[in-house]
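Visitor: Take a look at this one; I'll ask things after.
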Amino acid sequence: MTAVSGLHEVTIPAFPPERLAPVLGAERVAYFTEVADDLQHQLGRPAIWNVSSTAQGGGVAEMLRALLGWARGVGVSARWLVIPGPPEFFAVTKRVHNNIYGFAGDGGELGTTERALYEATLAPSAQELRAVVRAGDVVVLHDPQTAGLVDAVHELGATALWRCHIGIDHPNHFSATGWAFLEPYLRQVDRVVVTLPAFAPPWLAPDQVSAIPPSIDPFSPKNHYLSPEQVRAILVHTGVVQGAPDATSLPTFTRTDGSPDRVDRCVDALQAGPPAPVDAPLVAQISRWDHAKDMGGVMRSFAELVAPHTPAHLLLAGPAVAGVADDPEARAVLLACMQQWSELPDWIRARVHLACLPMADIDENAAIVNAIQRHATVITQKSLAEGFGLTVAEAMWKGRPVVASAVGGIQAQIVDGTSGILLDDPRDLGAFGAALRRVLDDPALADQLGRGAEQRVREKFLGDTHLELWVTTLLALLGPGAEPATS
Ligand code: UDP
């Protein structure tokens, strides 16, 4: 990353569109390139700035890295800035985030003190934007952390979009509080982009909002093909599974820039005894340590309903907690999981593994996640709320059967019974355990769901479809036939 001062610019390599041909077919790639040319031609090649609060950890960073790489590959001047902020700022924005998801979060206030802190933190970033953003540029602000920059973007003569990656299926009083905090900043925004139509802030007219689901990158270190030998070598080397090292395979992967490398670091695991044997059925959930991901619920359901009836092991994996700058809750959630784990009966505890994945090298981290997703017998995402849930699309792309809650964007991804299993009530531990057993006990069903899953992602959630939706949105807003901006 290059420091602009407090703001940092993330370096994004351009991915040539031809790389997508083996996955999408030449025709789909040609169409995608034409659509991008059309955007450039009609808008006069503006810089498209993305502003977020972290370059690593979590879905937003994961998605931007790929999407902007593909956009740059077709000539779009897509750039990415990361704002700084002290822990108190991220405590406030996490509160807004939790509220919008319908949770109390840490229960703290969102009053004048919090607003003053929020605005004071963003003020230097607003100043620094002057040095880089020009009139006519487009600035896409991501999530609550950056919503307060809308006015600064307008003062520079640029277009301001706010991309919200979170939302709630059924608004409640917490979500109203979260939205009320953001409303003053978003009143003048040129367009809000949400993941699902239902996630739109309640005070916006439908024509001020576009719904664009995210995508995954089939060539990123997170998703690119790994042979079964590479998967095994990575998982044995990092200590995720136990097996004799195979002298003929090395824990290798391909970096974002296309260079080959090896996984060096190991996971930091909490387990009673050795890791899961390489040939044992493995149920895995990979998530940030966030209460909305309900790692504790997965553990409870597995311990009570799955472990007594199957030989399966459970792996709950998340980032090393020091590695995610804008997530102040992670440590507390991890500690709660560790406490719950320590109270399990000995024989079950030996089959439940908590792992913190090294975050020092983001490509290496991605390769470890990739290997876990490819190795797991079943992937779960038992979220209580979810924006999109990239972990679901990632596992589906790898042909894994996924058992997940029917919340937020997960509902748009999985067609129940065809491309995974959806649970109506995310808190129903009995139904969750039963679904896991159904898939563990029936390899033919697991295979069928995995095939349906891969197909679904190929059709709906790859980068070309995603970029086309952005092009449509930007042309509707700024193209020749667009209504004049309100700002
Ligand atoms: N992730 C990761 N390392 C980890 C845990 C998660 O790279 O240790 C990634 C995961 O693979 C996915 C993203 O973080 O790409 C999480 O995105 P998702 O949309 O599932 O949830 P969010 O974190 O945005 O709530």
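Naming scheme: A, B, ... for chains in displayed order of the structure tokens; residues 1 onward per chain; ligands 1 onward as shown.
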Residues of segment 272-428 of chain A in helix (DSSP H, G or I) according to DSSP, as a VMD selection string?
Guide: chain A and resid 291 to 293 295 to 309 321 to 323 330 to 342 346 to 349 362 to 375 390 to 397 410 to 413
Visitor: Once you count only C-alpha atoms and all ligand atoms, which residues end up within 8 Å of ligand 1, and could you hand them over as a ChimeraX atom specification?
Guide: /A:56-63,165,222,286-288,290,293,317-320,356-359,362,365-366,369-370,386-392,394
Visitor: Taking 4 positions as the minimum chain separation for residues in the same chain, which residues sit within 9 Å of Val298 of chain A when counting only C-alpha atoms? Answer as a compact mmCIF listing (two decimals) with all heavy atoms, in the first residue's frame.
Guide:
```txt
# COMPACT_ATOMS: atom_id res chain seq x y z
N GLN A 285 -16.65 -24.04 9.28
CA GLN A 285 -17.15 -22.68 9.04
C GLN A 285 -15.95 -21.74 9.14
O GLN A 285 -15.21 -21.78 10.11
CB GLN A 285 -18.25 -22.29 10.04
CG GLN A 285 -18.73 -20.84 9.79
CD GLN A 285 -20.08 -20.53 10.40
OE1 GLN A 285 -21.07 -21.22 10.14
NE2 GLN A 285 -20.15 -19.47 11.20
N ASP A 294 -22.32 -16.52 14.46
CA ASP A 294 -22.79 -17.59 15.36
C ASP A 294 -21.90 -18.83 15.35
O ASP A 294 -22.40 -19.97 15.25
CB ASP A 294 -24.24 -17.97 15.06
CG ASP A 294 -24.89 -18.68 16.25
OD1 ASP A 294 -24.37 -18.53 17.38
OD2 ASP A 294 -25.89 -19.40 16.06
N PHE A 302 -23.21 -28.90 16.67
CA PHE A 302 -22.33 -30.01 16.30
C PHE A 302 -22.12 -30.94 17.51
O PHE A 302 -22.21 -32.17 17.39
CB PHE A 302 -20.98 -29.48 15.80
CG PHE A 302 -20.00 -30.55 15.44
CD1 PHE A 302 -20.01 -31.13 14.17
CD2 PHE A 302 -19.07 -31.01 16.37
CE1 PHE A 302 -19.11 -32.14 13.84
CE2 PHE A 302 -18.18 -32.03 16.06
CZ PHE A 302 -18.19 -32.60 14.78
N ALA A 303 -21.83 -30.33 18.67
CA ALA A 303 -21.50 -31.13 19.86
C ALA A 303 -22.70 -31.98 20.29
O ALA A 303 -22.55 -33.14 20.66
CB ALA A 303 -21.07 -30.21 21.00
N LEU A 314 -15.19 -30.92 13.66
CA LEU A 314 -15.64 -29.55 13.34
C LEU A 314 -14.45 -28.62 13.39
O LEU A 314 -13.67 -28.64 14.35
CB LEU A 314 -16.68 -29.08 14.38
CG LEU A 314 -17.11 -27.61 14.26
CD1 LEU A 314 -17.89 -27.34 12.98
CD2 LEU A 314 -17.95 -27.20 15.47
N LEU A 316 -13.72 -24.54 13.29
CA LEU A 316 -14.19 -23.16 13.24
C LEU A 316 -12.96 -22.30 13.03
O LEU A 316 -12.06 -22.26 13.89
CB LEU A 316 -14.89 -22.78 14.55
CG LEU A 316 -16.16 -23.58 14.87
CD1 LEU A 316 -16.69 -23.23 16.26
CD2 LEU A 316 -17.24 -23.34 13.81
N THR A 380 -20.39 -24.73 6.47
CA THR A 380 -21.58 -24.10 7.04
C THR A 380 -21.41 -22.59 7.08
O THR A 380 -20.30 -22.08 7.13
CB THR A 380 -21.85 -24.58 8.49
OG1 THR A 380 -20.87 -24.01 9.35
CG2 THR A 380 -21.81 -26.08 8.58
N GLN A 381 -22.54 -21.89 7.07
CA GLN A 381 -22.54 -20.46 7.33
C GLN A 381 -23.83 -20.18 8.10
O GLN A 381 -24.84 -19.79 7.53
CB GLN A 381 -22.44 -19.63 6.05
CG GLN A 381 -22.08 -18.17 6.30
CD GLN A 381 -20.77 -18.01 7.05
OE1 GLN A 381 -19.73 -18.47 6.62
NE2 GLN A 381 -20.83 -17.37 8.22
N LYS A 382 -23.73 -20.42 9.42
CA LYS A 382 -24.94 -20.34 10.23
C LYS A 382 -25.14 -18.92 10.77
O LYS A 382 -25.37 -18.70 11.97
CB LYS A 382 -24.84 -21.34 11.40
CG LYS A 382 -26.19 -21.84 11.86
CD LYS A 382 -26.12 -22.57 13.17
CE LYS A 382 -26.31 -21.70 14.38
NZ LYS A 382 -27.50 -20.87 14.39
N LEU A 429 -31.14 -24.76 16.32
CA LEU A 429 -29.97 -25.63 16.34
C LEU A 429 -30.32 -27.06 15.95
O LEU A 429 -29.51 -27.77 15.35
CB LEU A 429 -29.34 -25.63 17.75
CG LEU A 429 -28.80 -24.28 18.24
CD1 LEU A 429 -28.08 -24.45 19.57
CD2 LEU A 429 -27.87 -23.64 17.22
N PHE A 432 -30.48 -27.30 12.22
CA PHE A 432 -29.13 -27.15 11.68
C PHE A 432 -28.37 -28.48 11.81
O PHE A 432 -27.79 -28.99 10.84
CB PHE A 432 -28.40 -26.03 12.45
CG PHE A 432 -26.99 -25.81 12.00
CD1 PHE A 432 -26.73 -25.25 10.75
CD2 PHE A 432 -25.91 -26.13 12.81
CE1 PHE A 432 -25.42 -25.04 10.32
CE2 PHE A 432 -24.61 -25.92 12.39
CZ PHE A 432 -24.37 -25.37 11.15
N GLY A 433 -28.44 -29.08 12.99
CA GLY A 433 -27.76 -30.37 13.21
C GLY A 433 -28.32 -31.44 12.29
O GLY A 433 -27.57 -32.24 11.70
```
Visitor: Between atom CA of Val194 of chain A and atom CA of Pro144 of chain A, measure the distance and give it in Å to one decimal.
Guide: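 Pair atom CA of Val194 of chain A / atom CA of Pro144 of chain A returns 12.4 Å.
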Visitor: Could you check which of A:Pro228, A:Gly6, A:Pro202, A:Gly399 is closest to Gly85 of chain A, using only C-alpha atoms?
Guide: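 Among A:Pro228, A:Gly6, A:Pro202, A:Gly399, it is A:Gly6 that comes nearest to Gly85 of chain A.
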Visitor: For Val471 of chain A, find every residue with an atom within 12 Å (counting only C-alpha atoms), except residues of its own chain fewer than 5 positions away, and show them as number ranges by chain.
Guide: A: 32-43, 48, 71, 76, 210, 212, 464-466, 476-479
Visitor: Could you tell me which of A:Pro184, A:Gly239, A:Gly409, A:Pro274 comes closest to Phe461 of chain A if we count only C-alpha atoms?
Guide: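 Going through A:Pro184, A:Gly239, A:Gly409, A:Pro274 one by one, the smallest distance to Phe461 of chain A is for A:Gly409.
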Visitor: Pull the strand (DSSP E) assignments for segment 212-275 of chain A out of DSSP run on the backbone, and list those residues as number ranges by chain.
Guide: A: 241-242, 252-254, 260-262, 268-270
Visitor: Next, the residues of the selection above should be written as a PDB file, in the first residue's frame with C-alpha atoms.
Guide:
```
ATOM      1  CA  VAL A 241      -5.324 -31.629   9.562  1.00  0.00           C
ATOM      2  CA  GLN A 242      -3.157 -34.495  10.668  1.00  0.00           C
ATOM      3  CA  THR A 252       2.183 -24.379  -3.034  1.00  0.00           C
ATOM      4  CA  PHE A 253      -0.286 -21.846  -4.444  1.00  0.00           C
ATOM      5  CA  THR A 254      -0.423 -18.984  -6.962  1.00  0.00           C
ATOM      6  CA  PRO A 260       4.023 -19.265  -7.539  1.00  0.00           C
ATOM      7  CA  ASP A 261       4.821 -19.448  -3.845  1.00  0.00           C
ATOM      8  CA  ARG A 262       4.484 -21.735  -0.847  1.00  0.00           C
ATOM      9  CA  ASP A 268      -2.813 -21.003  15.723  1.00  0.00           C
ATOM     10  CA  ALA A 269      -5.178 -23.769  16.856  1.00  0.00           C
ATOM     11  CA  LEU A 270      -6.993 -24.526  20.074  1.00  0.00           C
TER      12      LEU A 270
END
```
Visitor: Would you please work out which residue, of A:Gly105, A:Pro328, A:Gly296, A:Pro124, is nearest to Glu88 of chain A when using only C-alpha atoms?
Guide: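 Distance minimum relative to Glu88 of chain A lands on A:Pro328.
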